[in-house]
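Report on the following structure.
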Amino acid sequence: MLLDYDRMGWLRVALLGFTVLVAAFLLLPVVFIVLLSFGSSRWLAFPPPGWTLKWYGELFADPAWLEAALTSARIATITAMLAVLIGLLASFALVRGHFRGREILRGLLLTPMVLPVVVFAIAIYAFFLRLGLGGTTIGFVVAHTVLALPFAVIPIATALEGFDKSIEDAAIVCGASPLEAKLRITLPSIRIGIFSAAIFSFLASWDEVVVAIFMASPTLQTLPVKIWGSLRSDLSPVIAAASSLLVVLTLALMAVTALLRRKFRT
Amino acid sequence: MTQPFLSIRKLRKAFGAITAVHDVTLDIPKGEFLTFLGPSGSGKSTTLYAIAGFQDPSSGDVLLQGKSLLAVPSHKRNIGMVFQRYTLFPHLTVADNIAFPLRVRRRPDAEVKRKVADMLAMVRLESFAARLPGALSGGQQQRVALARALAYDPPILLMDEPLSALDKKLREEIQAEIRRIHRETGVTILYVTHDQEEALHLSDRIALFRDGRIEQTGTGEDLYLRPATDFVAGFIGNSNFLAAEHLETIDGAATIRLGDGSVVSGVNVNGTFGKGQRARLMVRPEAFRMERNPTSAELTVEIVDVAFYGERRRIVARTAAGQELDIRPTTAAMETYNSSLPRRQVFFDPAAAFLFPA
């Protein structure tokens, strides 16, 4: 290799230092938020004068926070299920199909990942206003499913591409109908892709804020919208507590994905 | 006429402008081990896939005991199949793989259990029942695939180059296994391969494919000793083709003149030749003799190279016309041979030579 780490000499130290700096830049804000959520200062002073669990207490005492969290969980769960279902069907078409416009379809399914979210948010806001879907769970779910689809299609299509169709054919010769062969053989074989798709699309909805701000109504708010709203009205450490919990849940889901991948690989 | 067990009638398969199978007609009796042999792209796999139901033929028919299979979807044909690639279900254990075809047929649990045990014993993998396919070697995987394909006692077993991914030693081992299983179960096997040795070892009969047509069907001996065309002669075993001129044919035995002017009578002939027509005479390397006998024809050659190959020697010789010959006498026949002579006669029996069009 041109740049072999073992042969870089003193440059290794520089590279290591640079990497640590980048990692710190990415992670420090999160660490600060978590530290502040345990700090006793109402004004988010750093370093905190003392440590407390008070803000977590306030967070759990306020039903609005809990409701926002449940709303987020509900919307993200339905979104994940829909995205996986549609992503699965789309992946079969993209990987196995031979039809005109297949590449266009692939591009279209991945567009939400590259399209500026705010453009999509305004478009869907205007559209849903007309349909009367603004501020409804259905509206949230539909909008988030569009955003989550690329995160479902990519892992499922990748897993399906790596699955030898001869195995499905073998199940069919064994007497399984084409549908039964897919349900009993193909889907279990690509389950890593399906689990990844479910978790990624759950997260895509769970921490989505731009579209959610447009979709939200005073009675229907997701957790990120609630954090955003609270931030604007009063800067309280409760927000830091809520954010910390959001981070913890996200990390937990990522850890589960990593563990599942490791388990399936062996 | 008695009804054949499996019958392929005028099968044709075209992919757009390309015709993969032109016109394949074949009757296969029950219990036969028939091999489709041929170079890649000769239509042998396409024919097999049409029988399995993965390809719809453009025309023609496939009949099992007189009933057409074409309208029956793959999963209801009740055919066993072993594929070229490893197709065990990766998330199921060896035992569950073998049980799969029985479970989709909703067989009672006790029967499934008993059958799985029988099948594992048949392929000698009893101790691997609880393993996942990923923990098996390629040869073991193909043996499990064989057990899975035979678990539901299908009347026909299709095998599509099942050993091509294995190394030579393992291939020979599993060939013996397949022969034994064929003998024990009496299942009718259609086997696809491009490996002539594999075909000769395994089959009762071989159908040799070329460009979507069957060139010749017969036992390995038929194809080797009585090739119908020069393609068959060239594909099965090794062969020398000598330039010749046809003089006359009487009762299926031809008289010809070779390039050095010598006249040979009594060679086998397929088809009709005119007087003076240019032709090619095929002689197997091992049909050459180093000693004269009363019926043999002779050829003066220059010895280019002699190599020791264990039970045989391999001689490279050149005829007066400049044609290279591959000659493989047994080592015993070479004991009295004086290798210091650069020029000498070699002999062949005209009855072991075949005349083909040039």
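Naming scheme: A, B, ... for chains in displayed order of the structure tokens; residues 1 onward per chain; ligands 1 onward as shown.
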
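The residue set within 7 Å of segment 281-286 of chain B, counting only C-alpha atoms and dropping same-chain residues fewer than 4 places from it, reads Asn238, Ser239, Asn240, Phe241, Leu242, Ala243, Ala244, Asp326, Ile327, Arg328, Pro329, Ala352, Ala353, Phe354, Leu355 and Phe356 of chain B.
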
Atoms to include: N, CA and C atoms. Write the selected residues as a short mmCIF file (atom, residue, chain, number, x, y, z; two decimals), in the first residue's frame.
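File produced: again.cif:
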```
data_model
loop_
_atom_site.label_atom_id
_atom_site.label_comp_id
_atom_site.auth_asym_id
_atom_site.auth_seq_id
_atom_site.Cartn_x
_atom_site.Cartn_y
_atom_site.Cartn_z
N ASN B 238 -9.04 -39.23 -26.39
CA ASN B 238 -8.11 -38.54 -27.26
C ASN B 238 -8.18 -39.17 -28.63
N SER B 239 -7.88 -38.39 -29.64
CA SER B 239 -7.95 -38.96 -30.98
C SER B 239 -6.97 -38.29 -31.92
N ASN B 240 -6.54 -39.08 -32.91
CA ASN B 240 -5.72 -38.56 -34.00
C ASN B 240 -6.57 -38.54 -35.25
N PHE B 241 -6.48 -37.47 -36.00
CA PHE B 241 -7.19 -37.41 -37.27
C PHE B 241 -6.15 -37.35 -38.40
N LEU B 242 -6.19 -38.38 -39.29
CA LEU B 242 -5.25 -38.43 -40.41
C LEU B 242 -5.97 -38.04 -41.69
N ALA B 243 -5.31 -37.22 -42.50
CA ALA B 243 -5.90 -36.86 -43.79
C ALA B 243 -5.96 -38.11 -44.66
N ALA B 244 -7.10 -38.32 -45.33
CA ALA B 244 -7.28 -39.53 -46.14
C ALA B 244 -8.15 -39.23 -47.35
N ASP B 326 -0.42 -38.66 -31.68
CA ASP B 326 -0.35 -38.96 -30.25
C ASP B 326 -0.52 -40.48 -30.13
N ILE B 327 0.51 -41.16 -29.67
CA ILE B 327 0.49 -42.63 -29.60
C ILE B 327 0.72 -43.05 -28.15
N ARG B 328 -0.14 -43.94 -27.62
CA ARG B 328 0.02 -44.32 -26.22
C ARG B 328 0.03 -45.83 -26.05
N PRO B 329 1.14 -46.47 -26.32
CA PRO B 329 1.24 -47.91 -26.11
C PRO B 329 1.41 -48.22 -24.63
N ALA B 352 -10.43 -50.52 -35.82
CA ALA B 352 -10.46 -49.56 -34.71
C ALA B 352 -10.32 -48.13 -35.24
N ALA B 353 -10.43 -47.97 -36.57
CA ALA B 353 -10.29 -46.65 -37.16
C ALA B 353 -11.62 -46.23 -37.79
N PHE B 354 -11.90 -44.95 -37.77
CA PHE B 354 -13.19 -44.45 -38.26
C PHE B 354 -12.98 -43.34 -39.28
N LEU B 355 -13.77 -43.42 -40.35
CA LEU B 355 -13.65 -42.41 -41.40
C LEU B 355 -14.75 -41.36 -41.23
N PHE B 356 -14.36 -40.09 -41.19
CA PHE B 356 -15.32 -38.98 -41.07
C PHE B 356 -15.09 -38.00 -42.21
#
```

With only C-alpha atoms considered, list every residue of chain B at most 9 Å from chain A, as JSON, numbers by chain.
{"B": [52, 53, 54, 73, 74, 75, 76, 77, 78, 79, 80, 81, 82, 83, 84, 85, 86, 87, 88, 89, 90, 91, 92, 100, 101, 102, 104, 105, 134, 148, 149, 152]}

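What separates atom CA of Arg289 of chain B from atom CA of Val346 of chain B is a distance of 6.0 Å.
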
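Neighbours of segment 57-73 of chain A closer than or equal to 9 Å, with only C-alpha atoms counted and sequence neighbours fewer than 6 positions away skipped, come out as Thr137, Phe202, Ser205, Trp206, Asp207, Leu220, Gln221, Thr222, Leu223, Pro224, Val225, Lys226, Ile227, Val238, Ile239, Ala241 and Ala242 of chain A.
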
Near Ala151 of chain B, within 12 Å and counting only C-alpha atoms, which residues show up once chain neighbours fewer than 5 positions away are dropped, as a PDB file with C-alpha atoms, in the first residue's frame?
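What follows is the written file part-v2.pdb:
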```
ATOM      1  CA  CYS A 174     -38.110 -29.202  -2.866  1.00  0.00           C
ATOM      2  CA  GLY A 175     -41.814 -28.480  -3.131  1.00  0.00           C
TER       3      GLY A 175
ATOM      4  CA  ASN B  78     -41.900 -33.691  -7.356  1.00  0.00           C
ATOM      5  CA  ILE B  79     -38.422 -33.708  -8.887  1.00  0.00           C
ATOM      6  CA  GLY B  80     -35.183 -33.777  -6.916  1.00  0.00           C
ATOM      7  CA  MET B  81     -32.366 -31.485  -7.910  1.00  0.00           C
ATOM      8  CA  ALA B  95     -31.185 -32.090   9.594  1.00  0.00           C
ATOM      9  CA  ASP B  96     -33.641 -29.232   9.003  1.00  0.00           C
ATOM     10  CA  ASN B  97     -32.367 -28.831   5.448  1.00  0.00           C
ATOM     11  CA  ILE B  98     -33.115 -32.473   4.724  1.00  0.00           C
ATOM     12  CA  ALA B  99     -36.457 -32.220   6.528  1.00  0.00           C
ATOM     13  CA  PHE B 100     -37.517 -29.133   4.542  1.00  0.00           C
ATOM     14  CA  PRO B 101     -39.079 -30.902   1.522  1.00  0.00           C
ATOM     15  CA  LEU B 102     -40.923 -33.259   3.884  1.00  0.00           C
ATOM     16  CA  ARG B 103     -42.195 -30.412   6.062  1.00  0.00           C
ATOM     17  CA  ARG B 105     -45.372 -31.659   2.166  1.00  0.00           C
ATOM     18  CA  ARG B 107     -45.617 -35.176   6.438  1.00  0.00           C
ATOM     19  CA  GLU B 111     -41.959 -39.880   9.400  1.00  0.00           C
ATOM     20  CA  VAL B 112     -39.849 -36.743   8.899  1.00  0.00           C
ATOM     21  CA  LYS B 113     -37.552 -37.776  11.730  1.00  0.00           C
ATOM     22  CA  ARG B 114     -37.131 -41.310  10.451  1.00  0.00           C
ATOM     23  CA  LYS B 115     -36.538 -40.183   6.867  1.00  0.00           C
ATOM     24  CA  VAL B 116     -33.965 -37.569   7.900  1.00  0.00           C
ATOM     25  CA  ALA B 117     -32.081 -40.246   9.854  1.00  0.00           C
ATOM     26  CA  ASP B 118     -32.188 -42.598   6.824  1.00  0.00           C
ATOM     27  CA  MET B 119     -30.925 -39.888   4.500  1.00  0.00           C
ATOM     28  CA  LEU B 120     -28.107 -38.853   6.849  1.00  0.00           C
ATOM     29  CA  ALA B 121     -27.038 -42.478   7.036  1.00  0.00           C
ATOM     30  CA  MET B 122     -27.182 -42.746   3.237  1.00  0.00           C
ATOM     31  CA  VAL B 123     -24.716 -39.879   2.762  1.00  0.00           C
ATOM     32  CA  VAL B 144     -26.390 -32.962   2.222  1.00  0.00           C
ATOM     33  CA  ALA B 145     -27.895 -31.391  -0.904  1.00  0.00           C
ATOM     34  CA  LEU B 146     -28.096 -34.899  -2.389  1.00  0.00           C
ATOM     35  CA  LEU B 157     -33.105 -36.669  -9.712  1.00  0.00           C
ATOM     36  CA  THR B 185     -32.157 -46.216  -4.509  1.00  0.00           C
ATOM     37  CA  VAL B 187     -33.700 -43.417  -8.801  1.00  0.00           C
TER      38      VAL B 187
END
```

So that I can check the surroundings of Leu160 of chain A, please list as a VMD selection string every protein, DNA and RNA residue that reaches within 8 Å of it, counting only C-alpha atoms and ignoring chain neighbours fewer than 3 positions away.
chain A and resid 91 to 92 95 156 to 157 163 190

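Per DSSP on the backbone, strand (DSSP E) in segment 95-179 of chain B comprises Ile156, Leu157, Leu158, Met159 and Asp160 of chain B.
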
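By chain and then residue number, the residues within 10 Å of segment 131-135 of chain A are Ile124, Tyr125, Ala126, Phe127, Phe128, Leu129, Thr137, Ile138, Gly139, Phe140, Val142, Ala212, Ile213, Phe214, Met215, Ala216, Ser217, Pro218, Thr219, Leu220 and Gln221 of chain A, counting only C-alpha atoms and disregarding those fewer than 2 positions away in sequence.
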
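Atom CA of Asp167 of chain B is found 23.4 Å from atom CA of Glu126 of chain B.
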
If we count only C-alpha atoms and set the cut-off at 12 Å, which residues sit around Phe200 of chain A, ignoring sequence neighbours fewer than 4 positions away in its own chain? Please answer as JSON, numbers by chain.
{"A": [76, 77, 79, 80, 81, 83, 84, 145, 147, 148, 149, 150, 151, 152, 153, 154, 155, 156, 193, 194, 195, 196, 204, 205, 206, 207, 208, 250, 251, 253, 254, 256, 257, 258]}

What are the DSSP helix (DSSP H, G or I) residues of segment 139-221 of chain B, as an MDAnalysis selection string?
chainID B and resid 139:150 168:185 196:202 220:221
